[in-house]
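Worksheet: one structure, shown below.
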Amino acid sequence: MRRKLLLGGLVSAMLLTLVGVAANPASAQQSLRLQYKTSATGATADQVEPWFNLVNGGTSAVPLSGVKIRYYFKADAGSPQYRFACSWAVVSCSTVTGTFGTLSPGTATADRYLEVGFTSGNLAVGAQTGDLQLRFHRSDWQRLTQSDDYSFGPARTTYGDWTKVTVYQNGALVWGTSPSGGGGDPTPTPTPTITNPPGGSGVVFDDFAYNNADDPNISAHNWTVRTNSGGPGVPGASWPKQNVTFPTVSGTNKALQLKAVTDGTASGTQQSEVLHQRKFLEGTYAARVKFSDTPVSGPDGDHIVQTFFTITPLAADMDPNYSEQDFEYLPNGGWGEPANIMYATSWETYRNEPWQAVNVHTEVRQSYAGWHDLVLQVSGGQIRYYIDGALFAEHGGDYYPETVQSVNFNLWFISGGLVGSSTSRNYVQQVDWFYHSKNEVVAPATVLSRVNNYRSASTTWVDTVPNP
């Protein structure tokens, strides 16, 4: 969470229905039409970024599971391996697949191809998929040359028909011209097989029944109240321990409360964070969190981030063992957004200077003020985010975590996002409880039932998850 500029256009990835448009006339043989642009126009780049928009100009709907798109390129010297990623897609990155193939014989401009497919969805007559913001890179993250790639169009910075990318429908070529040299039939799109790891191998539950930030039970329960300097947020901000409290929110029920304060200066900015030890990976994570749209006091408008997330620390730039899964609510916008927005973001890795992010995100632009049940499921290669029992986002592939993570709650200001006022303002975020079941996929309703059972038994703390 150093951040974090998000890749791609920030348009709602919750638009799961495909957008209808007026398509140009097309023959029956070429009812599908491929539009292309690139967001990486240099002769060399850290990653190739082909963005596609598939248009159905035919007379019948097209099941996307039968569609393949091929982007042809010339491999760099040494025959490196490549990795595919979907930054964002209107049809949801969770339905988009990417594999690499070899052309034999190859040509001067193509001996490899990226083949993009879909696991589900239908493209209605006169409809388009909308943005498919795709990218691929060398597995060793060395810069690659794309100026000699057959499908690369450096002048294509806006969408337009592009015949150097081919489209297959049910194995038949319906759009574009492939480089000479063949390449074989499109591969079938694999049906995702989700196998859950065995359940019931440990639980953590915390009702946050602590007296204050100095309560010895906090460290005994393997939580840490952060006091060290550093990111994320405003450079030079402090992280005072007293910004973490445990007020009574109803009856005798207490909650974890994070406070962030600023007067518009670095020295006058305070942020807060509470984190658990690194011993979590697959399973279900859940918390009941209260977000707020306005400060408790002082002028409104600061770009503040209210969070619940898991993370593996970044050991070095582009660390392959890094991972992070975020719930992030921005009540006043930020990162180019003008108003309240909720993000679910899954991270593979990143580099701070110059900034390069490898993540996928889903967002919804609306207010989330008030209490919400947040559930994160990590299992079988899939990451699922739920808010109040409804599926909010689903990610997978390269973004699936590989190493043990910590659990964090954090309240911080985006650098450069403070309003121009010297009047102090005070923001808070509250957390009613936290729950984790190791190696078990627990439905949101079942999470709430288990939490209620703990509370009925006056159980405020459980930890049977083994230490790593």
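Ordered as shown in the structure tokens, chains take letters A, B, and onward, while each chain numbers its residues from 1 and ligands are numbered from 1 in the order shown.
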Hey, could you make a per-residue contact list for segment 210-293 of chain A against segment 412-423 of chain A with 6 Å as the cut-off, showing the nearest pair of atoms and its distance in Å to one decimal, counting only C-alpha atoms, sorted by chain and number, as a tab-separated table?
residue	atom	partner	partner_atom	distance
A:Gly233	CA	A:Ile414	CA	4.9
A:Val234	CA	A:Ser415	CA	4.4
A:Asp263	CA	A:Ser422	CA	4.8
A:Gly264	CA	A:Ser422	CA	5.6
A:Gln271	CA	A:Trp412	CA	5.2
Write a file of the selected residues as an mmCIF file, in the first residue's frame, keeping all heavy atoms.
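Generated output (selection25.cif):
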data_model
loop_
_atom_site.group_PDB
_atom_site.id
_atom_site.type_symbol
_atom_site.label_atom_id
_atom_site.label_comp_id
_atom_site.auth_asym_id
_atom_site.auth_seq_id
_atom_site.Cartn_x
_atom_site.Cartn_y
_atom_site.Cartn_z
ATOM 1 N N GLY A 233 0.749 7.407 2.490
ATOM 2 C CA GLY A 233 0.154 8.658 2.925
ATOM 3 C C GLY A 233 1.053 9.855 2.778
ATOM 4 O O GLY A 233 1.972 9.882 1.957
ATOM 5 N N VAL A 234 0.794 10.855 3.599
ATOM 6 C CA VAL A 234 1.499 12.129 3.530
ATOM 7 C C VAL A 234 2.928 11.957 4.041
ATOM 8 O O VAL A 234 3.124 11.520 5.185
ATOM 9 C CB VAL A 234 0.749 13.192 4.358
ATOM 10 C CG1 VAL A 234 1.543 14.491 4.419
ATOM 11 C CG2 VAL A 234 -0.637 13.435 3.780
ATOM 12 N N ASP A 263 -3.933 19.248 9.657
ATOM 13 C CA ASP A 263 -4.184 20.680 9.518
ATOM 14 C C ASP A 263 -3.667 21.181 8.175
ATOM 15 O O ASP A 263 -3.480 22.370 7.963
ATOM 16 C CB ASP A 263 -3.530 21.459 10.669
ATOM 17 C CG ASP A 263 -2.012 21.291 10.707
ATOM 18 O OD1 ASP A 263 -1.444 20.631 9.793
ATOM 19 O OD2 ASP A 263 -1.384 21.814 11.644
ATOM 20 N N GLY A 264 -3.426 20.229 7.264
ATOM 21 C CA GLY A 264 -2.943 20.573 5.943
ATOM 22 C C GLY A 264 -1.435 20.568 5.800
ATOM 23 O O GLY A 264 -0.921 20.753 4.701
ATOM 24 N N GLN A 271 -1.777 9.729 11.166
ATOM 25 C CA GLN A 271 -2.499 8.608 10.570
ATOM 26 C C GLN A 271 -2.471 7.443 11.562
ATOM 27 O O GLN A 271 -1.815 7.537 12.605
ATOM 28 C CB GLN A 271 -1.860 8.246 9.222
ATOM 29 C CG GLN A 271 -1.788 9.437 8.279
ATOM 30 C CD GLN A 271 -1.051 9.195 6.967
ATOM 31 O OE1 GLN A 271 -1.477 9.653 5.938
ATOM 32 N NE2 GLN A 271 0.074 8.476 7.011
#
**Request:** Write out as an NGL selection string the residues lying within 7 Å of Gln257 of chain A, counting only C-alpha atoms and excluding same-chain residues fewer than 3 positions away.
**Result:** :A and (244-246 or 428-431)
If you count only C-alpha atoms, which residues fall within 12 Å of Leu374 of chain A, apart from same-chain ones fewer than 4 positions away, as a PDB file with C-alpha atoms, in the first residue's frame?
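The resulting file, part.pdb, is reproduced below:
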ATOM      1  CA  THR A 284     -11.834 -16.561   4.663  1.00  0.00           C
ATOM      2  CA  TYR A 285     -11.199 -13.109   6.139  1.00  0.00           C
ATOM      3  CA  ALA A 286     -14.015 -10.945   7.442  1.00  0.00           C
ATOM      4  CA  ALA A 287     -14.580  -7.748   9.397  1.00  0.00           C
ATOM      5  CA  ARG A 288     -17.475  -5.450  10.233  1.00  0.00           C
ATOM      6  CA  VAL A 289     -16.269  -1.945   9.393  1.00  0.00           C
ATOM      7  CA  LYS A 290     -17.848   1.486   9.747  1.00  0.00           C
ATOM      8  CA  PHE A 291     -16.856   3.916   7.012  1.00  0.00           C
ATOM      9  CA  THR A 307      -9.091   0.241   4.635  1.00  0.00           C
ATOM     10  CA  PHE A 308      -9.228  -3.444   5.511  1.00  0.00           C
ATOM     11  CA  PHE A 309      -6.551  -5.485   3.754  1.00  0.00           C
ATOM     12  CA  ASP A 326      -7.541  -4.455  -0.413  1.00  0.00           C
ATOM     13  CA  PHE A 327     -10.902  -3.088   0.555  1.00  0.00           C
ATOM     14  CA  GLU A 328     -10.330   0.689   0.202  1.00  0.00           C
ATOM     15  CA  TYR A 329     -13.031   3.329   0.595  1.00  0.00           C
ATOM     16  CA  MET A 342     -15.010   1.783  -3.147  1.00  0.00           C
ATOM     17  CA  ALA A 344     -11.320  -3.958  -4.271  1.00  0.00           C
ATOM     18  CA  TYR A 368     -20.517   3.384   1.713  1.00  0.00           C
ATOM     19  CA  ARG A 384     -13.553 -13.042  -3.965  1.00  0.00           C
ATOM     20  CA  TYR A 385     -14.629  -9.823  -2.263  1.00  0.00           C
ATOM     21  CA  TYR A 386     -18.097  -9.515  -0.686  1.00  0.00           C
ATOM     22  CA  ILE A 387     -19.798  -6.455   0.782  1.00  0.00           C
ATOM     23  CA  ASP A 388     -22.917  -7.065   2.895  1.00  0.00           C
ATOM     24  CA  GLY A 389     -23.303 -10.554   1.470  1.00  0.00           C
ATOM     25  CA  ALA A 390     -23.133  -9.526  -2.208  1.00  0.00           C
ATOM     26  CA  LEU A 391     -20.220 -10.469  -4.469  1.00  0.00           C
ATOM     27  CA  PHE A 392     -18.325  -7.251  -5.215  1.00  0.00           C
ATOM     28  CA  ALA A 393     -15.281  -8.517  -7.137  1.00  0.00           C
ATOM     29  CA  VAL A 431     -14.010  -2.028  13.267  1.00  0.00           C
ATOM     30  CA  ASP A 432     -16.545  -4.048  15.272  1.00  0.00           C
ATOM     31  CA  TRP A 433     -14.865  -7.452  14.944  1.00  0.00           C
ATOM     32  CA  PHE A 434     -12.429  -9.517  12.853  1.00  0.00           C
ATOM     33  CA  TYR A 435     -12.796 -13.182  11.836  1.00  0.00           C
ATOM     34  CA  HIS A 436     -10.592 -15.586   9.878  1.00  0.00           C
ATOM     35  CA  ALA A 443     -20.178 -17.919   3.097  1.00  0.00           C
ATOM     36  CA  PRO A 444     -20.843 -14.354   4.329  1.00  0.00           C
ATOM     37  CA  ALA A 445     -24.057 -15.409   6.108  1.00  0.00           C
ATOM     38  CA  VAL A 447     -19.505 -15.808   9.000  1.00  0.00           C
ATOM     39  CA  LEU A 448     -22.135 -13.652  10.696  1.00  0.00           C
TER      40      LEU A 448
END
**Coordinates-based distance that separates atom CA of Gly176 of chain A from atom CA of Lys164 of chain A (Å, one decimal)** = 5.8 Å
**Request:** Identify, on the basis of only C-alpha atoms, every residue whose closest approach to Gly153 of chain A does not exceed 9 Å; exclude the query and any residue fewer than 5 positions from it along the same chain; express the result as a list of chain:residue names.
**Result:** A:Tyr36, A:Lys37, A:Thr38, A:Thr41, A:Ser147, A:Trp162, A:Lys164
